[in-house]
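Asker: I have a structure here, written as structure tokens, and I will follow up with some questions on it.
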Amino acid sequence: MTTASTRETYGRTLLELGRENPDIVVLGGDLNKSTVINLFAEEFPDRFFDMGPAEQNMMSIAAGLASSGKTVFASTFAVFGSGRPYDQIRIGISQARLNVKIVVTHAGITTGEDGMSAHGIEDLSLMCALPSFTVLVPADGPETDLAVRKAAATPGPFYIRLSRPATPVVHDGDFDFTIGCAETLRPGGDAAIIACGTMVHTALAAAQALEGEGVSCRVLNMSTLQPADVSAIVAAAEETGAIVTAEEHLRHGGLGSIVAQVLAESCPTPMQMVALTGYAESGAPNLLIEKYGLAPASVADAVRKVVARKAQPTGNGSAGS
């Protein structure tokens, strides 16, 4: 199985973009090596600014640079790039619709041994609440490269969520990345698993296991959470009659909430959510994933439950945990 680090891909892609576009400037928050923006800093020291552990200041300066015509990338860990400077992001960047790309790493509980305080698990709900932001969660390294390039070429504020460890590559060869369009990675008619980020490979593994039981699962890579691909969600619901969402984020406010809202408004369908329900402790990422129900077996179990519910009378099809 091939793996790649999304944060390392980001660092290399940003460096290439810096060579192509002299108006790109980069801001860091004292974590430049960890977010791999040190590559940009070493080649373009005049276009790189380290704000230190002062994320509110970093976002305000990003807004100022963007208002002066620059394309600004601001990077730190997910917990520091969303919650701590939220007011500055909301007022200075979102309301003004400025050209700032907030690219965060170390999202979710796979930050692992850094512990509860460093596990970014609320960020998607925060950023999706800002109506002017495009919110992207790439599934792997190749998709990260395209997502960062697309963000750089698209005016307006972006939030891109990346992880700490190397993760499995799910894209082979050429593929299309379009903002707002879900990607069907596997066909299936009995249920659909809609996943984002690190959970896309998990969803594929669960679908493969279920195939041996005679359960055919569609797998959608929902790499754009905002704007979400409403038509793909509705089509999956109408054509399979059963939906499971999978995300390395809190159950409230993330991918599951977005999909549930679409289904409630357009196509009520039995649904299960695989997500976190609280904070985790320090530990090896693989052990945390198992303990907190984000492994392939948990996704497969959610599919079994929602497929069984398809036969229940109308009115019992609300979203489940």
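Labeling convention for the structure tokens: chains A, B, ... as they appear, residues from 1 per chain, ligands from 1 in order of appearance.
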Just list the residues in range 44-289 of chain A DSSP gives alpha helix (DSSP H) on the backbone, as a PyMOL selection string.
Answerer: chain A and resi 55-67+78-82+86-88+123-128+141-153+199-211+230-240+255-266+285-289
Asker: Report as JSON, numbers by chain all protein, DNA and RNA residues lying within 12 Å of Glu8 in chain A, evaluated on only C-alpha atoms, omitting residues in the same chain fewer than 3 positions from it.
Answerer: {"A": [3, 4, 5, 11, 12, 13, 14, 15, 32, 33, 34, 35, 36, 37, 38, 39, 40, 104, 105, 106, 140, 141, 142, 144, 145, 162, 163, 164, 165, 166, 167]}
Asker: Export, as an mmCIF file, in the first residue's frame, the selected residues with N, CA and C atoms.
Answerer:
```cif
data_model
loop_
_atom_site.group_PDB
_atom_site.id
_atom_site.type_symbol
_atom_site.label_atom_id
_atom_site.label_comp_id
_atom_site.auth_asym_id
_atom_site.auth_seq_id
_atom_site.Cartn_x
_atom_site.Cartn_y
_atom_site.Cartn_z
ATOM 1 N N THR A 3 1.717 5.097 0.614
ATOM 2 C CA THR A 3 1.272 6.165 1.503
ATOM 3 C C THR A 3 1.980 7.462 1.130
ATOM 4 N N ALA A 4 1.394 8.568 1.529
ATOM 5 C CA ALA A 4 1.989 9.880 1.298
ATOM 6 C C ALA A 4 1.499 10.829 2.379
ATOM 7 N N SER A 5 2.336 11.775 2.728
ATOM 8 C CA SER A 5 1.970 12.778 3.731
ATOM 9 C C SER A 5 1.320 13.971 3.039
ATOM 10 N N GLY A 11 3.635 21.297 1.332
ATOM 11 C CA GLY A 11 4.862 22.078 1.351
ATOM 12 C C GLY A 11 5.541 22.131 -0.002
ATOM 13 N N ARG A 12 5.605 20.990 -0.675
ATOM 14 C CA ARG A 12 6.240 20.949 -1.996
ATOM 15 C C ARG A 12 5.420 21.704 -3.036
ATOM 16 N N THR A 13 4.091 21.560 -2.981
ATOM 17 C CA THR A 13 3.231 22.256 -3.936
ATOM 18 C C THR A 13 3.302 23.760 -3.734
ATOM 19 N N LEU A 14 3.305 24.197 -2.485
ATOM 20 C CA LEU A 14 3.382 25.626 -2.195
ATOM 21 C C LEU A 14 4.685 26.217 -2.726
ATOM 22 N N LEU A 15 5.760 25.480 -2.597
ATOM 23 C CA LEU A 15 7.045 25.945 -3.125
ATOM 24 C C LEU A 15 6.965 26.126 -4.637
ATOM 25 N N ASN A 32 6.727 25.959 11.400
ATOM 26 C CA ASN A 32 6.989 25.980 9.961
ATOM 27 C C ASN A 32 7.532 24.660 9.432
ATOM 28 N N LYS A 33 8.377 23.996 10.205
ATOM 29 C CA LYS A 33 8.900 22.707 9.767
ATOM 30 C C LYS A 33 7.809 21.649 9.800
ATOM 31 N N SER A 34 6.977 21.676 10.827
ATOM 32 C CA SER A 34 5.913 20.683 10.958
ATOM 33 C C SER A 34 4.859 20.831 9.871
ATOM 34 N N THR A 35 4.593 22.058 9.459
ATOM 35 C CA THR A 35 3.622 22.279 8.385
ATOM 36 C C THR A 35 4.283 22.281 7.006
ATOM 37 N N VAL A 36 5.599 22.150 6.983
ATOM 38 C CA VAL A 36 6.427 22.022 5.787
ATOM 39 C C VAL A 36 6.419 23.292 4.931
ATOM 40 N N ILE A 37 6.047 24.413 5.521
ATOM 41 C CA ILE A 37 6.167 25.676 4.799
ATOM 42 C C ILE A 37 7.581 26.235 4.918
ATOM 43 N N ASN A 38 8.442 25.547 5.662
ATOM 44 C CA ASN A 38 9.848 25.952 5.728
ATOM 45 C C ASN A 38 10.519 25.873 4.356
ATOM 46 N N LEU A 39 10.009 25.014 3.475
ATOM 47 C CA LEU A 39 10.553 24.931 2.118
ATOM 48 C C LEU A 39 10.375 26.266 1.388
ATOM 49 N N PHE A 40 9.192 26.842 1.521
ATOM 50 C CA PHE A 40 8.915 28.147 0.914
ATOM 51 C C PHE A 40 9.778 29.219 1.573
ATOM 52 N N VAL A 104 -4.248 24.058 7.202
ATOM 53 C CA VAL A 104 -3.858 23.541 8.511
ATOM 54 C C VAL A 104 -3.447 22.075 8.405
ATOM 55 N N THR A 105 -2.545 21.676 9.274
ATOM 56 C CA THR A 105 -2.105 20.288 9.354
ATOM 57 C C THR A 105 -2.422 19.747 10.752
ATOM 58 N N HIS A 106 -2.081 18.478 10.989
ATOM 59 C CA HIS A 106 -2.266 17.869 12.309
ATOM 60 C C HIS A 106 -3.729 17.914 12.755
ATOM 61 N N ASP A 140 -5.942 12.392 0.073
ATOM 62 C CA ASP A 140 -4.578 11.860 0.043
ATOM 63 C C ASP A 140 -3.619 12.900 -0.518
ATOM 64 N N GLY A 141 -2.365 12.504 -0.706
ATOM 65 C CA GLY A 141 -1.364 13.411 -1.223
ATOM 66 C C GLY A 141 -1.674 13.950 -2.604
ATOM 67 N N PRO A 142 -1.970 13.095 -3.592
ATOM 68 C CA PRO A 142 -2.278 13.611 -4.933
ATOM 69 C C PRO A 142 -3.440 14.596 -4.957
ATOM 70 N N THR A 144 -4.340 16.482 -2.453
ATOM 71 C CA THR A 144 -3.870 17.687 -1.777
ATOM 72 C C THR A 144 -3.179 18.617 -2.763
ATOM 73 N N ASP A 145 -2.339 18.052 -3.619
ATOM 74 C CA ASP A 145 -1.639 18.858 -4.614
ATOM 75 C C ASP A 145 -2.627 19.634 -5.476
ATOM 76 N N LEU A 162 -5.487 19.188 6.557
ATOM 77 C CA LEU A 162 -4.542 18.112 6.298
ATOM 78 C C LEU A 162 -4.193 17.390 7.600
ATOM 79 N N SER A 163 -3.515 16.252 7.475
ATOM 80 C CA SER A 163 -3.228 15.425 8.646
ATOM 81 C C SER A 163 -1.736 15.383 8.951
ATOM 82 N N ARG A 164 -1.402 14.770 10.070
ATOM 83 C CA ARG A 164 -0.001 14.659 10.476
ATOM 84 C C ARG A 164 0.702 13.462 9.837
ATOM 85 N N PRO A 165 0.197 12.232 10.016
ATOM 86 C CA PRO A 165 0.935 11.070 9.496
ATOM 87 C C PRO A 165 0.736 10.873 8.011
ATOM 88 N N ALA A 166 1.619 10.104 7.409
ATOM 89 C CA ALA A 166 1.404 9.666 6.031
ATOM 90 C C ALA A 166 0.160 8.782 5.991
ATOM 91 N N THR A 167 -0.633 8.945 4.943
ATOM 92 C CA THR A 167 -1.882 8.207 4.819
ATOM 93 C C THR A 167 -1.933 7.487 3.480
#
```
Asker: Just checking: using only C-alpha atoms, which residue out of A:Gly293, A:Ala203, A:Ser82, A:Asp123 ends up closest to Gly253 in chain A?
Answerer: A:Asp123
Asker: What residues in range 207-260 of chain A get the DSSP label strand (DSSP E)? Please answer as a list in words.
Answerer: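 These are the residues in question: Cys217, Arg218, Val219, Leu220, Asn221, Thr224, Leu225, Gln226, Ile243, Val244, Thr245, Ala246, Glu247, Glu248, His249 and Leu250 of chain A.
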Asker: Keeping C-alpha atoms for every residue in the selection just given, could you write it to a file as a tab-separated table (two decimals), in the first residue's frame?
Answerer:
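Written out: selection-v6.tsv:
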```tsv
chain	number	residue	atom	x	y	z
A	217	CYS	CA	-21.33	-0.17	-1.16
A	218	ARG	CA	-20.86	3.01	-3.13
A	219	VAL	CA	-18.00	5.16	-1.78
A	220	LEU	CA	-18.05	8.92	-2.29
A	221	ASN	CA	-15.05	11.11	-1.57
A	224	THR	CA	-15.39	19.67	-0.58
A	225	LEU	CA	-17.52	20.19	2.51
A	226	GLN	CA	-18.44	23.73	1.55
A	243	ILE	CA	-26.25	6.47	3.81
A	244	VAL	CA	-23.23	6.28	6.12
A	245	THR	CA	-20.92	9.23	6.70
A	246	ALA	CA	-17.34	8.82	7.94
A	247	GLU	CA	-15.10	11.60	9.24
A	248	GLU	CA	-12.24	12.16	11.68
A	249	HIS	CA	-14.12	14.99	13.37
A	250	LEU	CA	-16.81	15.53	15.97
```
Asker: Give me, please, the distance in Å between CA of Val100 in chain A and CA of Pro157 in chain A, quoted to one decimal.
Answerer: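 One can read the CA of Val100 in chain A to CA of Pro157 in chain A distance as 4.8 Å.
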Asker: Which of these, A:Ser67, A:Ser266, A:Ser298, A:Gln261, has the shortest distance to Leu210 in chain A once you count only C-alpha atoms?
Answerer: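 Among the listed residues, the smallest separation from Leu210 in chain A belongs to A:Ser298.
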Asker: Contacts of Ile179 in chain A at 9 Å or less, counting only C-alpha atoms, minus same-chain residues fewer than 6 places along, as a ChimeraX atom specification?
Answerer: /A:134,136,147,150-151,223-224,226-228
Asker: Need to verify the contact set: Ala284 in chain A, 12 Å, only C-alpha atoms, exclusion of same-chain residues closer than 5 positions in sequence. Can you return it as a list in words?
Answerer: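 My list of contacting residues is Ile109, Thr110, Thr111, Gly112, Glu113, Asp114, Gly115, Pro165, Ile289, Glu290 and Lys291 of chain A.
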Asker: Give me, as a list in words, all polymer residues having an atom no more than 12 Å from Asn57 in chain A, counting only C-alpha atoms and skipping those fewer than 4 positions away in the same chain.
Answerer: Leu27, Gly28, Gly29, Phe49, Asp50, Met51, Gly52, Pro53, Ile61, Ala62, Ala63, Gly64, Ala74, Phe80, Gly81, Arg84, Pro85, Tyr86, Asp87, Gln88, Ile89 and Gly92 of chain A
